[in-house]
file protein_12.cif (mmCIF, C-alpha atoms and all ligand atoms; chains and numbers go by the auth columns)
data_input
loop_
_atom_site.group_PDB
_atom_site.id
_atom_site.type_symbol
_atom_site.label_atom_id
_atom_site.label_comp_id
_atom_site.label_asym_id
_atom_site.label_seq_id
_atom_site.Cartn_x
_atom_site.Cartn_y
_atom_site.Cartn_z
_atom_site.B_iso_or_equiv
_atom_site.auth_seq_id
_atom_site.auth_asym_id
ATOM 1 C CA MET A 1 90.673 11.761 -62.460 0.00 8 A
ATOM 2 C CA VAL A 2 88.892 13.908 -59.861 0.00 9 A
ATOM 3 C CA ALA A 3 85.192 14.123 -59.084 0.00 10 A
ATOM 4 C CA SER A 4 82.798 16.366 -57.202 0.00 11 A
ATOM 5 C CA VAL A 5 79.414 15.040 -56.137 0.00 12 A
ATOM 6 C CA GLN A 6 76.673 17.665 -56.312 0.00 13 A
ATOM 7 C CA PHE A 7 74.020 16.260 -53.996 0.00 14 A
ATOM 8 C CA GLU A 8 70.298 17.059 -53.849 0.00 15 A
ATOM 9 C CA ILE A 9 69.033 17.780 -50.335 0.00 16 A
ATOM 10 C CA ARG A 10 65.528 16.312 -50.005 0.00 17 A
ATOM 11 C CA ASP A 11 63.842 17.348 -46.762 0.00 18 A
ATOM 12 C CA ARG A 12 61.702 14.203 -46.665 0.00 19 A
ATOM 13 C CA GLU A 13 64.789 11.992 -46.312 0.00 20 A
ATOM 14 C CA THR A 14 66.407 11.076 -43.010 0.00 21 A
ATOM 15 C CA LYS A 15 70.129 11.402 -42.372 0.00 22 A
ATOM 16 C CA ASP A 16 70.578 7.635 -42.791 0.00 23 A
ATOM 17 C CA GLU A 17 68.695 7.677 -46.086 0.00 24 A
ATOM 18 C CA ARG A 18 70.886 10.502 -47.387 0.00 25 A
ATOM 19 C CA ILE A 19 74.013 8.609 -46.402 0.00 26 A
ATOM 20 C CA GLU A 20 72.793 5.470 -48.207 0.00 27 A
ATOM 21 C CA ARG A 21 71.884 7.475 -51.329 0.00 28 A
ATOM 22 C CA MET A 22 75.263 9.209 -51.317 0.00 29 A
ATOM 23 C CA ILE A 23 77.031 5.853 -51.047 0.00 30 A
ATOM 24 C CA GLY A 24 75.000 4.648 -54.038 0.00 31 A
ATOM 25 C CA LEU A 25 76.245 7.634 -56.079 0.00 32 A
ATOM 26 C CA LEU A 26 79.828 7.107 -54.928 0.00 33 A
ATOM 27 C CA LYS A 27 79.852 3.485 -56.139 0.00 34 A
ATOM 28 C CA LYS A 28 80.161 4.856 -59.686 0.00 35 A
ATOM 29 C CA LEU A 29 83.429 6.547 -58.777 0.00 36 A
ATOM 30 C CA LYS A 30 85.589 3.548 -57.855 0.00 37 A
ATOM 31 C CA GLY A 31 89.233 4.238 -58.612 0.00 38 A
ATOM 32 C CA TYR A 32 88.896 8.009 -58.977 0.00 39 A
ATOM 33 C CA ASP A 33 91.969 9.704 -57.501 0.00 40 A
ATOM 34 C CA LEU A 34 90.120 12.355 -55.533 0.00 41 A
ATOM 35 C CA ILE A 35 86.442 12.886 -54.668 0.00 42 A
ATOM 36 C CA VAL A 36 84.842 15.936 -53.008 0.00 43 A
ATOM 37 C CA LEU A 37 81.424 16.035 -51.269 0.00 44 A
ATOM 38 C CA PRO A 38 79.282 18.999 -50.094 0.00 45 A
ATOM 39 C CA GLU A 39 78.783 20.727 -46.727 0.00 46 A
ATOM 40 C CA ILE A 40 76.676 19.059 -43.978 0.00 47 A
ATOM 41 C CA TRP A 41 74.964 16.985 -46.679 0.00 48 A
ATOM 42 C CA ALA A 42 73.876 14.150 -44.353 0.00 49 A
ATOM 43 C CA THR A 43 71.879 16.391 -42.004 0.00 50 A
ATOM 44 C CA GLY A 44 71.185 19.128 -44.576 0.00 51 A
ATOM 45 C CA TYR A 45 72.958 22.449 -43.940 0.00 52 A
ATOM 46 C CA PHE A 46 69.724 24.420 -43.471 0.00 53 A
ATOM 47 C CA SER A 47 68.144 21.891 -41.058 0.00 54 A
ATOM 48 C CA PHE A 48 69.399 23.778 -38.021 0.00 55 A
ATOM 49 C CA ASP A 49 66.798 22.138 -35.765 0.00 56 A
ATOM 50 C CA ARG A 50 68.522 18.776 -36.440 0.00 57 A
ATOM 51 C CA TYR A 51 72.086 19.908 -35.656 0.00 58 A
ATOM 52 C CA ARG A 52 72.233 19.018 -31.952 0.00 59 A
ATOM 53 C CA GLU A 53 70.414 15.713 -32.364 0.00 60 A
ATOM 54 C CA GLU A 54 72.450 14.543 -35.352 0.00 61 A
ATOM 55 C CA ALA A 55 75.848 15.781 -34.148 0.00 62 A
ATOM 56 C CA GLU A 56 78.502 13.087 -33.735 0.00 63 A
ATOM 57 C CA PRO A 57 82.030 12.901 -32.395 0.00 64 A
ATOM 58 C CA ILE A 58 84.928 12.404 -34.795 0.00 65 A
ATOM 59 C CA SER A 59 84.965 8.769 -33.664 0.00 66 A
ATOM 60 C CA GLY A 60 81.268 8.374 -34.588 0.00 67 A
ATOM 61 C CA PRO A 61 79.516 6.353 -37.314 0.00 68 A
ATOM 62 C CA PHE A 62 79.537 9.098 -40.009 0.00 69 A
ATOM 63 C CA VAL A 63 83.323 9.323 -40.043 0.00 70 A
ATOM 64 C CA GLN A 64 83.687 5.540 -39.812 0.00 71 A
ATOM 65 C CA ARG A 65 81.324 5.047 -42.739 0.00 72 A
ATOM 66 C CA MET A 66 83.127 7.581 -44.906 0.00 73 A
ATOM 67 C CA ALA A 67 86.484 5.972 -44.046 0.00 74 A
ATOM 68 C CA GLN A 68 85.115 2.646 -45.242 0.00 75 A
ATOM 69 C CA VAL A 69 83.867 4.247 -48.478 0.00 76 A
ATOM 70 C CA ALA A 70 87.280 5.840 -49.176 0.00 77 A
ATOM 71 C CA ARG A 71 88.903 2.427 -48.690 0.00 78 A
ATOM 72 C CA GLN A 72 86.388 0.629 -50.917 0.00 79 A
ATOM 73 C CA LEU A 73 86.771 3.218 -53.671 0.00 80 A
ATOM 74 C CA ASN A 74 90.548 3.406 -53.229 0.00 81 A
ATOM 75 C CA SER A 75 90.216 7.198 -53.507 0.00 82 A
ATOM 76 C CA VAL A 76 91.292 10.227 -51.538 0.00 83 A
ATOM 77 C CA LEU A 77 87.920 11.386 -50.220 0.00 84 A
ATOM 78 C CA PHE A 78 87.038 14.823 -48.889 0.00 85 A
ATOM 79 C CA ALA A 79 83.704 13.667 -47.470 0.00 86 A
ATOM 80 C CA GLY A 80 82.489 17.231 -47.007 0.00 87 A
ATOM 81 C CA SER A 81 81.480 18.294 -43.527 0.00 88 A
ATOM 82 C CA PHE A 82 79.214 17.123 -40.726 0.00 89 A
ATOM 83 C CA VAL A 83 78.065 18.526 -37.371 0.00 90 A
ATOM 84 C CA GLU A 84 80.758 17.468 -34.943 0.00 91 A
ATOM 85 C CA GLN A 85 80.203 17.331 -31.206 0.00 92 A
ATOM 86 C CA ALA A 86 83.307 17.691 -29.055 0.00 93 A
ATOM 87 C CA GLY A 87 82.286 17.927 -25.399 0.00 94 A
ATOM 88 C CA GLU A 88 80.051 20.990 -25.043 0.00 95 A
ATOM 89 C CA GLN A 89 81.070 22.449 -28.414 0.00 96 A
ATOM 90 C CA TYR A 90 79.653 21.823 -31.885 0.00 97 A
ATOM 91 C CA TYR A 91 81.556 22.451 -35.128 0.00 98 A
ATOM 92 C CA ASN A 92 81.044 22.327 -38.903 0.00 99 A
ATOM 93 C CA THR A 93 83.860 19.861 -39.531 0.00 100 A
ATOM 94 C CA GLY A 94 85.239 18.677 -42.862 0.00 101 A
ATOM 95 C CA VAL A 95 86.921 15.271 -43.021 0.00 102 A
ATOM 96 C CA LEU A 96 89.556 14.111 -45.506 0.00 103 A
ATOM 97 C CA PHE A 97 90.537 10.442 -45.913 0.00 104 A
ATOM 98 C CA ASP A 98 93.353 8.845 -47.845 0.00 105 A
ATOM 99 C CA ALA A 99 92.693 5.939 -50.186 0.00 106 A
ATOM 100 C CA ASN A 100 93.308 3.444 -47.350 0.00 107 A
ATOM 101 C CA GLY A 101 90.479 4.999 -45.366 0.00 108 A
ATOM 102 C CA ASP A 102 92.776 6.666 -42.837 0.00 109 A
ATOM 103 C CA LEU A 103 91.611 10.071 -41.617 0.00 110 A
ATOM 104 C CA LEU A 104 94.251 12.404 -43.039 0.00 111 A
ATOM 105 C CA ALA A 105 92.892 15.741 -41.860 0.00 112 A
ATOM 106 C CA THR A 106 89.936 17.551 -40.361 0.00 113 A
ATOM 107 C CA TYR A 107 88.900 21.175 -40.846 0.00 114 A
ATOM 108 C CA ARG A 108 86.530 23.087 -38.570 0.00 115 A
ATOM 109 C CA LYS A 109 84.885 25.891 -40.569 0.00 116 A
ATOM 110 C CA ILE A 110 86.491 29.188 -39.608 0.00 117 A
ATOM 111 C CA HIS A 111 83.969 31.679 -41.028 0.00 118 A
ATOM 112 C CA LEU A 112 80.522 30.732 -39.739 0.00 119 A
ATOM 113 C CA PHE A 113 77.614 31.966 -41.851 0.00 120 A
ATOM 114 C CA ARG A 114 75.079 34.232 -40.120 0.00 121 A
ATOM 115 C CA TYR A 115 72.873 35.612 -42.919 0.00 122 A
ATOM 116 C CA GLY A 116 69.611 33.660 -42.913 0.00 123 A
ATOM 117 C CA SER A 117 71.568 30.980 -41.057 0.00 124 A
ATOM 118 C CA GLN A 118 71.715 29.870 -37.419 0.00 125 A
ATOM 119 C CA GLU A 119 75.170 28.427 -37.833 0.00 126 A
ATOM 120 C CA GLY A 120 76.860 31.249 -35.898 0.00 127 A
ATOM 121 C CA GLU A 121 74.597 30.689 -32.872 0.00 128 A
ATOM 122 C CA LEU A 122 74.717 26.906 -32.843 0.00 129 A
ATOM 123 C CA LEU A 123 78.339 26.220 -33.674 0.00 130 A
ATOM 124 C CA THR A 124 81.787 27.270 -32.541 0.00 131 A
ATOM 125 C CA ARG A 125 84.166 28.486 -35.191 0.00 132 A
ATOM 126 C CA GLY A 126 87.359 26.665 -36.010 0.00 133 A
ATOM 127 C CA GLU A 127 90.729 28.294 -35.484 0.00 134 A
ATOM 128 C CA GLU A 128 93.121 26.216 -37.548 0.00 135 A
ATOM 129 C CA ILE A 129 93.912 26.319 -41.248 0.00 136 A
ATOM 130 C CA THR A 130 94.078 22.817 -42.718 0.00 137 A
ATOM 131 C CA VAL A 131 96.617 21.971 -45.389 0.00 138 A
ATOM 132 C CA THR A 132 97.805 18.446 -46.031 0.00 139 A
ATOM 133 C CA GLU A 133 99.780 16.278 -48.422 0.00 140 A
ATOM 134 C CA THR A 134 97.828 13.604 -50.303 0.00 141 A
ATOM 135 C CA LYS A 135 98.752 11.195 -53.068 0.00 142 A
ATOM 136 C CA VAL A 136 97.170 13.645 -55.548 0.00 143 A
ATOM 137 C CA GLY A 137 98.958 16.750 -54.297 0.00 144 A
ATOM 138 C CA ARG A 138 98.958 19.245 -51.487 0.00 145 A
ATOM 139 C CA VAL A 139 95.396 20.269 -50.658 0.00 146 A
ATOM 140 C CA GLY A 140 93.783 22.989 -48.558 0.00 147 A
ATOM 141 C CA LEU A 141 90.317 22.552 -47.067 0.00 148 A
ATOM 142 C CA SER A 142 87.612 25.207 -46.845 0.00 149 A
ATOM 143 C CA THR A 143 83.872 25.443 -46.374 0.00 150 A
ATOM 144 C CA CYS A 144 81.318 27.553 -48.264 0.00 151 A
ATOM 145 C CA TYR A 145 81.277 31.067 -46.691 0.00 152 A
ATOM 146 C CA ASP A 146 85.084 30.803 -46.344 0.00 153 A
ATOM 147 C CA LEU A 147 85.173 31.472 -50.111 0.00 154 A
ATOM 148 C CA ARG A 148 84.475 35.146 -49.370 0.00 155 A
ATOM 149 C CA PHE A 149 87.693 35.503 -47.357 0.00 156 A
ATOM 150 C CA PRO A 150 90.677 35.554 -49.731 0.00 157 A
ATOM 151 C CA GLU A 151 93.228 35.685 -46.907 0.00 158 A
ATOM 152 C CA LEU A 152 92.412 32.088 -45.951 0.00 159 A
ATOM 153 C CA PHE A 153 93.283 30.867 -49.450 0.00 160 A
ATOM 154 C CA ARG A 154 96.436 32.990 -49.627 0.00 161 A
ATOM 155 C CA LYS A 155 97.594 31.537 -46.317 0.00 162 A
ATOM 156 C CA GLN A 156 96.969 28.048 -47.706 0.00 163 A
ATOM 157 C CA VAL A 157 99.084 28.909 -50.762 0.00 164 A
ATOM 158 C CA ASP A 158 101.858 30.129 -48.472 0.00 165 A
ATOM 159 C CA LEU A 159 101.691 26.650 -46.936 0.00 166 A
ATOM 160 C CA GLY A 160 102.251 25.067 -50.353 0.00 167 A
ATOM 161 C CA VAL A 161 98.709 24.253 -51.512 0.00 168 A
ATOM 162 C CA GLU A 162 98.160 23.269 -55.152 0.00 169 A
ATOM 163 C CA ILE A 163 94.485 22.239 -54.965 0.00 170 A
ATOM 164 C CA PHE A 164 91.725 23.997 -53.013 0.00 171 A
ATOM 165 C CA LEU A 165 88.922 21.668 -51.928 0.00 172 A
ATOM 166 C CA VAL A 166 85.701 23.554 -51.144 0.00 173 A
ATOM 167 C CA THR A 167 82.691 21.889 -49.533 0.00 174 A
ATOM 168 C CA SER A 168 79.476 23.930 -49.811 0.00 175 A
ATOM 169 C CA ALA A 169 75.745 24.419 -49.410 0.00 176 A
ATOM 170 C CA TRP A 170 75.619 27.751 -51.262 0.00 177 A
ATOM 171 C CA PRO A 171 72.166 29.190 -52.008 0.00 178 A
ATOM 172 C CA HIS A 172 70.999 29.951 -55.535 0.00 179 A
ATOM 173 C CA GLN A 173 70.177 33.525 -54.518 0.00 180 A
ATOM 174 C CA ARG A 174 73.877 34.415 -54.635 0.00 181 A
ATOM 175 C CA LEU A 175 74.888 32.152 -57.510 0.00 182 A
ATOM 176 C CA ALA A 176 76.715 34.998 -59.290 0.00 183 A
ATOM 177 C CA HIS A 177 79.007 35.375 -56.270 0.00 184 A
ATOM 178 C CA TRP A 178 79.615 31.623 -56.170 0.00 185 A
ATOM 179 C CA GLN A 179 80.683 31.612 -59.801 0.00 186 A
ATOM 180 C CA LEU A 180 83.012 34.559 -59.280 0.00 187 A
ATOM 181 C CA PHE A 181 84.655 33.256 -56.119 0.00 188 A
ATOM 182 C CA ASN A 182 85.303 29.790 -57.555 0.00 189 A
ATOM 183 C CA ALA A 183 87.205 31.284 -60.486 0.00 190 A
ATOM 184 C CA VAL A 184 88.891 34.114 -58.609 0.00 191 A
ATOM 185 C CA ARG A 185 90.234 32.034 -55.725 0.00 192 A
ATOM 186 C CA ALA A 186 91.796 29.690 -58.311 0.00 193 A
ATOM 187 C CA VAL A 187 93.270 32.331 -60.596 0.00 194 A
ATOM 188 C CA GLU A 188 94.570 34.746 -57.958 0.00 195 A
ATOM 189 C CA ASN A 189 96.386 31.886 -56.239 0.00 196 A
ATOM 190 C CA GLN A 190 97.300 29.878 -59.360 0.00 197 A
ATOM 191 C CA CYS A 191 95.768 26.729 -57.896 0.00 198 A
ATOM 192 C CA PHE A 192 93.257 24.122 -58.978 0.00 199 A
ATOM 193 C CA LEU A 193 89.938 24.460 -57.152 0.00 200 A
ATOM 194 C CA ILE A 194 87.375 21.674 -56.787 0.00 201 A
ATOM 195 C CA SER A 195 84.043 22.590 -55.222 0.00 202 A
ATOM 196 C CA ALA A 196 81.055 20.470 -54.277 0.00 203 A
ATOM 197 C CA ASN A 197 77.752 22.278 -53.748 0.00 204 A
ATOM 198 C CA CYS A 198 74.222 21.045 -53.025 0.00 205 A
ATOM 199 C CA VAL A 199 71.011 21.458 -55.008 0.00 206 A
ATOM 200 C CA GLY A 200 67.343 21.203 -54.124 0.00 207 A
ATOM 201 C CA HIS A 201 64.758 23.116 -52.104 0.00 208 A
ATOM 202 C CA THR A 202 65.441 22.740 -48.430 0.00 209 A
ATOM 203 C CA ARG A 203 63.726 24.593 -45.603 0.00 210 A
ATOM 204 C CA HIS A 204 62.592 27.286 -48.070 0.00 211 A
ATOM 205 C CA VAL A 205 66.086 27.805 -49.462 0.00 212 A
ATOM 206 C CA LEU A 206 66.949 26.906 -53.046 0.00 213 A
ATOM 207 C CA LEU A 207 70.508 25.617 -53.228 0.00 214 A
ATOM 208 C CA GLY A 208 72.641 26.805 -56.100 0.00 215 A
ATOM 209 C CA GLY A 209 74.547 23.878 -57.663 0.00 216 A
ATOM 210 C CA TYR A 210 77.266 24.658 -60.246 0.00 217 A
ATOM 211 C CA SER A 211 79.902 22.570 -58.484 0.00 218 A
ATOM 212 C CA GLN A 212 83.080 22.891 -60.461 0.00 219 A
ATOM 213 C CA VAL A 213 86.676 22.132 -61.255 0.00 220 A
ATOM 214 C CA VAL A 214 88.681 25.268 -62.056 0.00 221 A
ATOM 215 C CA ASP A 215 92.271 25.216 -63.287 0.00 222 A
ATOM 216 C CA PRO A 216 95.102 27.516 -62.117 0.00 223 A
ATOM 217 C CA TRP A 217 94.529 29.799 -65.138 0.00 224 A
ATOM 218 C CA GLY A 218 90.946 30.367 -63.948 0.00 225 A
ATOM 219 C CA VAL A 219 89.353 28.227 -66.658 0.00 226 A
ATOM 220 C CA VAL A 220 86.354 26.163 -65.564 0.00 227 A
ATOM 221 C CA ARG A 221 87.258 22.651 -66.733 0.00 228 A
ATOM 222 C CA ALA A 222 83.991 21.044 -65.716 0.00 229 A
ATOM 223 C CA GLN A 223 80.857 22.131 -63.957 0.00 230 A
ATOM 224 C CA ALA A 224 77.427 20.884 -63.025 0.00 231 A
ATOM 225 C CA GLY A 225 74.120 22.686 -63.547 0.00 232 A
ATOM 226 C CA GLU A 226 71.181 23.018 -61.191 0.00 233 A
ATOM 227 C CA SER A 227 70.399 19.349 -60.593 0.00 234 A
ATOM 228 C CA GLU A 228 72.101 16.452 -58.853 0.00 235 A
ATOM 229 C CA ALA A 229 75.235 15.529 -60.801 0.00 236 A
ATOM 230 C CA ILE A 230 78.759 14.225 -60.698 0.00 237 A
ATOM 231 C CA VAL A 231 81.397 16.549 -62.125 0.00 238 A
ATOM 232 C CA THR A 232 84.594 14.900 -63.324 0.00 239 A
ATOM 233 C CA ALA A 233 87.846 16.199 -64.782 0.00 240 A
ATOM 234 C CA GLU A 234 91.425 15.186 -65.416 0.00 241 A
ATOM 235 C CA ILE A 235 93.903 17.426 -63.642 0.00 242 A
ATOM 236 C CA ASP A 236 97.660 17.600 -64.074 0.00 243 A
ATOM 237 C CA LEU A 237 99.509 19.216 -61.183 0.00 244 A
ATOM 238 C CA ASP A 238 102.438 20.134 -63.429 0.00 245 A
ATOM 239 C CA GLU A 239 100.129 22.867 -64.691 0.00 246 A
ATOM 240 C CA VAL A 240 100.359 24.615 -61.329 0.00 247 A
ATOM 241 C CA LYS A 241 104.149 24.628 -61.596 0.00 248 A
ATOM 242 C CA ARG A 242 104.131 25.641 -65.259 0.00 249 A
ATOM 243 C CA ILE A 243 101.715 28.521 -64.776 0.00 250 A
ATOM 244 C CA ARG A 244 103.522 29.792 -61.674 0.00 251 A
ATOM 245 C CA GLU A 245 106.820 29.767 -63.601 0.00 252 A
ATOM 246 C CA HIS A 246 105.445 31.220 -66.816 0.00 253 A
ATOM 247 C CA PHE A 247 103.387 33.978 -65.131 0.00 254 A
ATOM 248 C CA PRO A 248 105.043 34.435 -61.711 0.00 255 A
ATOM 249 C CA GLN A 249 102.507 36.732 -60.085 0.00 256 A
ATOM 250 C CA LEU A 250 102.882 35.057 -56.693 0.00 257 A
ATOM 251 C CA LYS A 251 106.556 36.074 -56.652 0.00 258 A
ATOM 252 C CA HIS A 252 105.609 39.689 -57.325 0.00 259 A
ATOM 253 C CA ARG A 253 103.739 40.224 -54.089 0.00 260 A
ATOM 254 C CA VAL A 254 104.742 43.393 -52.316 0.00 261 A
ATOM 255 C CA LEU A 255 102.379 43.381 -49.334 0.00 262 A
ATOM 256 C CA GLN A 256 102.268 40.451 -46.945 0.00 263 A
HETATM 257 O O1 LIG B . 78.266 33.311 -48.583 0.00 301 A
HETATM 258 C C1 LIG B . 77.187 32.892 -49.039 0.00 301 A
HETATM 259 O O2 LIG B . 76.504 33.586 -49.790 0.00 301 A
HETATM 260 C C2 LIG B . 76.703 31.525 -48.693 0.00 301 A
HETATM 261 C C3 LIG B . 77.424 30.908 -47.524 0.00 301 A
HETATM 262 C C4 LIG B . 76.761 29.673 -47.014 0.00 301 A
HETATM 263 O O3 LIG B . 75.683 29.309 -47.424 0.00 301 A
HETATM 264 C C5 LIG B . 77.464 28.837 -46.005 0.00 301 A
HETATM 265 O O4 LIG B . 78.530 29.216 -45.520 0.00 301 A
HETATM 266 O O5 LIG B . 76.948 27.751 -45.707 0.00 301 A
#

call {"tool": "encode", "arguments": {"input": "protein_12.cif", "output": "structure tokens", "more": "lines below"}}
Ligand SMILES: O=C(O)CCC(=O)C(=O)O
result
Amino acid sequence: MVASVQFEIRDRETKDERIERMIGLLKKLKGYDLIVLPEIWATGYFSFDRYREEAEPISGPFVQRMAQVARQLNSVLFAGSFVEQAGEQYYNTGVLFDANGDLLATYRKIHLFRYGSQEGELLTRGEEITVTETKVGRVGLSTCYDLRFPELFRKQVDLGVEIFLVTSAWPHQRLAHWQLFNAVRAVENQCFLISANCVGHTRHVLLGGYSQVVDPWGVVRAQAGESEAIVTAEIDLDEVKRIREHFPQLKHRVLQ
């Protein structure tokens, strides 16, 4: 069983309060195989004035806390992203833990968002694609605006990915695009896709919700609406193999 936690960003809450509330929601998911959380949910993606102050190193308390949660739940946990400080640089960094709480992989967002967002000024972009083996399959990590760049997902597929994990804080204003990209990235690459978005009004932005689980045929297996929710679905990785064999579009590529 996999789950995506669609989290409400409430501006009146502090980072610590958000972390405690998230942990409360996660307690219901003990034993789930894989759990996905949204983008910069502890600080709030649109709280750019808090980025520097709330940034932490990879060895900091946010990552330690999420490691502990993964261990307690006995789940592979993509804890979404946080503002990482590494020396003079700041990144939007996703963190993936195995069910023992070991940090399996990190992903620094490659495509920084610059439309109504200060992310591009405040943060440094990542340069590495992140693909890793987990007990639930081979996963590729991406963050929000990355969804608009199909070449990232195709490169992940070339590295053997079967499940795309997408952490997001996607605004409601472009909900139609969100819906399209979730389905298209899955179907064009014949992969499962699990996305976790935020909801709520934050800093004058309404977040879009509709976190989802899409199968490799492009069918939305489960999705949330416009309020805080947990999306769950059963996924069978044999489907990726079956669909790729039955309809071998990936073998029919002509251009590289
Ligand atoms: O591409 C979009 O419309 C939204 C992207 C975004 O909000 C982000 O990257 O955080």

call {"tool": "closest_residue", "arguments": {"input": "protein_12.cif", "among": "A:Glu63, A:Asp105, A:Asp243, A:Glu235", "to": "Ala93 in chain A", "atoms": "all atoms listed in the file"}}
result
A:Glu63

call {"tool": "resolve_selection", "arguments": {"input": "protein_12.cif", "expression": "the PyMOL selection byres (((not hetatm)) within 12 of (chain A and resi 301))", "output": "ChimeraX atom specification"}}
result
/A:45-48,51-55,87-89,99,116-127,132,149-156,173-189,203-206,212-216

call {"tool": "axis_aligned_box", "arguments": {"input": "protein_12.cif", "around": "range 169-175 of chain A", "padding_each_side": "6 Å", "output": "lines of an AutoDock Vina configuration file"}}
result
center_x = 88.8
center_y = 22.8
center_z = -52.3
size_x = 30.7
size_y = 14.3
size_z = 17.6

call {"tool": "atom_distance", "arguments": {"input": "protein_12.cif", "atom1": "CA of Leu32 in chain A", "atom2": "CA of His211 in chain A"}}
result
25.2 Å

call {"tool": "residues_around", "arguments": {"input": "protein_12.cif", "residues": "Leu244 in chain A", "least_positions_apart": "6", "cutoff": "12 Å", "atoms": "only C-alpha atoms", "output": "number ranges by chain"}}
result
A: 8-9, 142-146, 168-170, 197-200, 222-223, 250-251

call {"tool": "atom_distance", "arguments": {"input": "protein_12.cif", "atom1": "CA of Glu24 in chain A", "atom2": "CA of Ala49 in chain A"}}
result
8.5 Å

call {"tool": "build_atoms", "arguments": {"input": "protein_12.cif", "residues": "range 178-194 of chain A", "atoms": "N, CA and C atoms", "output": "CSV table (one decimal), in the frame of the given file"}}
result
chain,number,residue,atom,x,y,z
A,178,PRO,N,73.5,29.0,-51.4
A,178,PRO,CA,72.2,29.2,-52.0
A,178,PRO,C,72.2,29.8,-53.4
A,179,HIS,N,71.2,29.5,-54.2
A,179,HIS,CA,71.0,30.0,-55.5
A,179,HIS,C,70.9,31.5,-55.6
A,180,GLN,N,70.4,32.1,-54.5
A,180,GLN,CA,70.2,33.5,-54.5
A,180,GLN,C,71.5,34.3,-54.8
A,181,ARG,N,72.6,33.7,-54.4
A,181,ARG,CA,73.9,34.4,-54.6
A,181,ARG,C,74.8,33.6,-55.5
A,182,LEU,N,74.2,33.0,-56.6
A,182,LEU,CA,74.9,32.2,-57.5
A,182,LEU,C,76.0,32.9,-58.2
A,183,ALA,N,75.7,34.2,-58.6
A,183,ALA,CA,76.7,35.0,-59.3
A,183,ALA,C,78.0,35.1,-58.5
A,184,HIS,N,77.8,35.3,-57.1
A,184,HIS,CA,79.0,35.4,-56.3
A,184,HIS,C,79.8,34.0,-56.3
A,185,TRP,N,79.0,33.0,-56.2
A,185,TRP,CA,79.6,31.6,-56.2
A,185,TRP,C,80.5,31.4,-57.4
A,186,GLN,N,79.9,31.8,-58.5
A,186,GLN,CA,80.7,31.6,-59.8
A,186,GLN,C,82.0,32.4,-59.8
A,187,LEU,N,81.8,33.7,-59.3
A,187,LEU,CA,83.0,34.6,-59.3
A,187,LEU,C,84.1,34.0,-58.3
A,188,PHE,N,83.7,33.7,-57.1
A,188,PHE,CA,84.7,33.3,-56.1
A,188,PHE,C,85.4,32.0,-56.5
A,189,ASN,N,84.6,31.0,-57.1
A,189,ASN,CA,85.3,29.8,-57.6
A,189,ASN,C,86.4,30.1,-58.5
A,190,ALA,N,86.2,31.0,-59.5
A,190,ALA,CA,87.2,31.3,-60.5
A,190,ALA,C,88.3,32.2,-59.9
A,191,VAL,N,87.9,33.1,-59.1
A,191,VAL,CA,88.9,34.1,-58.6
A,191,VAL,C,89.9,33.5,-57.6
A,192,ARG,N,89.3,32.7,-56.7
A,192,ARG,CA,90.2,32.0,-55.7
A,192,ARG,C,91.3,31.2,-56.5
A,193,ALA,N,90.9,30.5,-57.5
A,193,ALA,CA,91.8,29.7,-58.3
A,193,ALA,C,92.8,30.6,-59.0
A,194,VAL,N,92.4,31.6,-59.7
A,194,VAL,CA,93.3,32.3,-60.6
A,194,VAL,C,94.2,33.2,-59.8
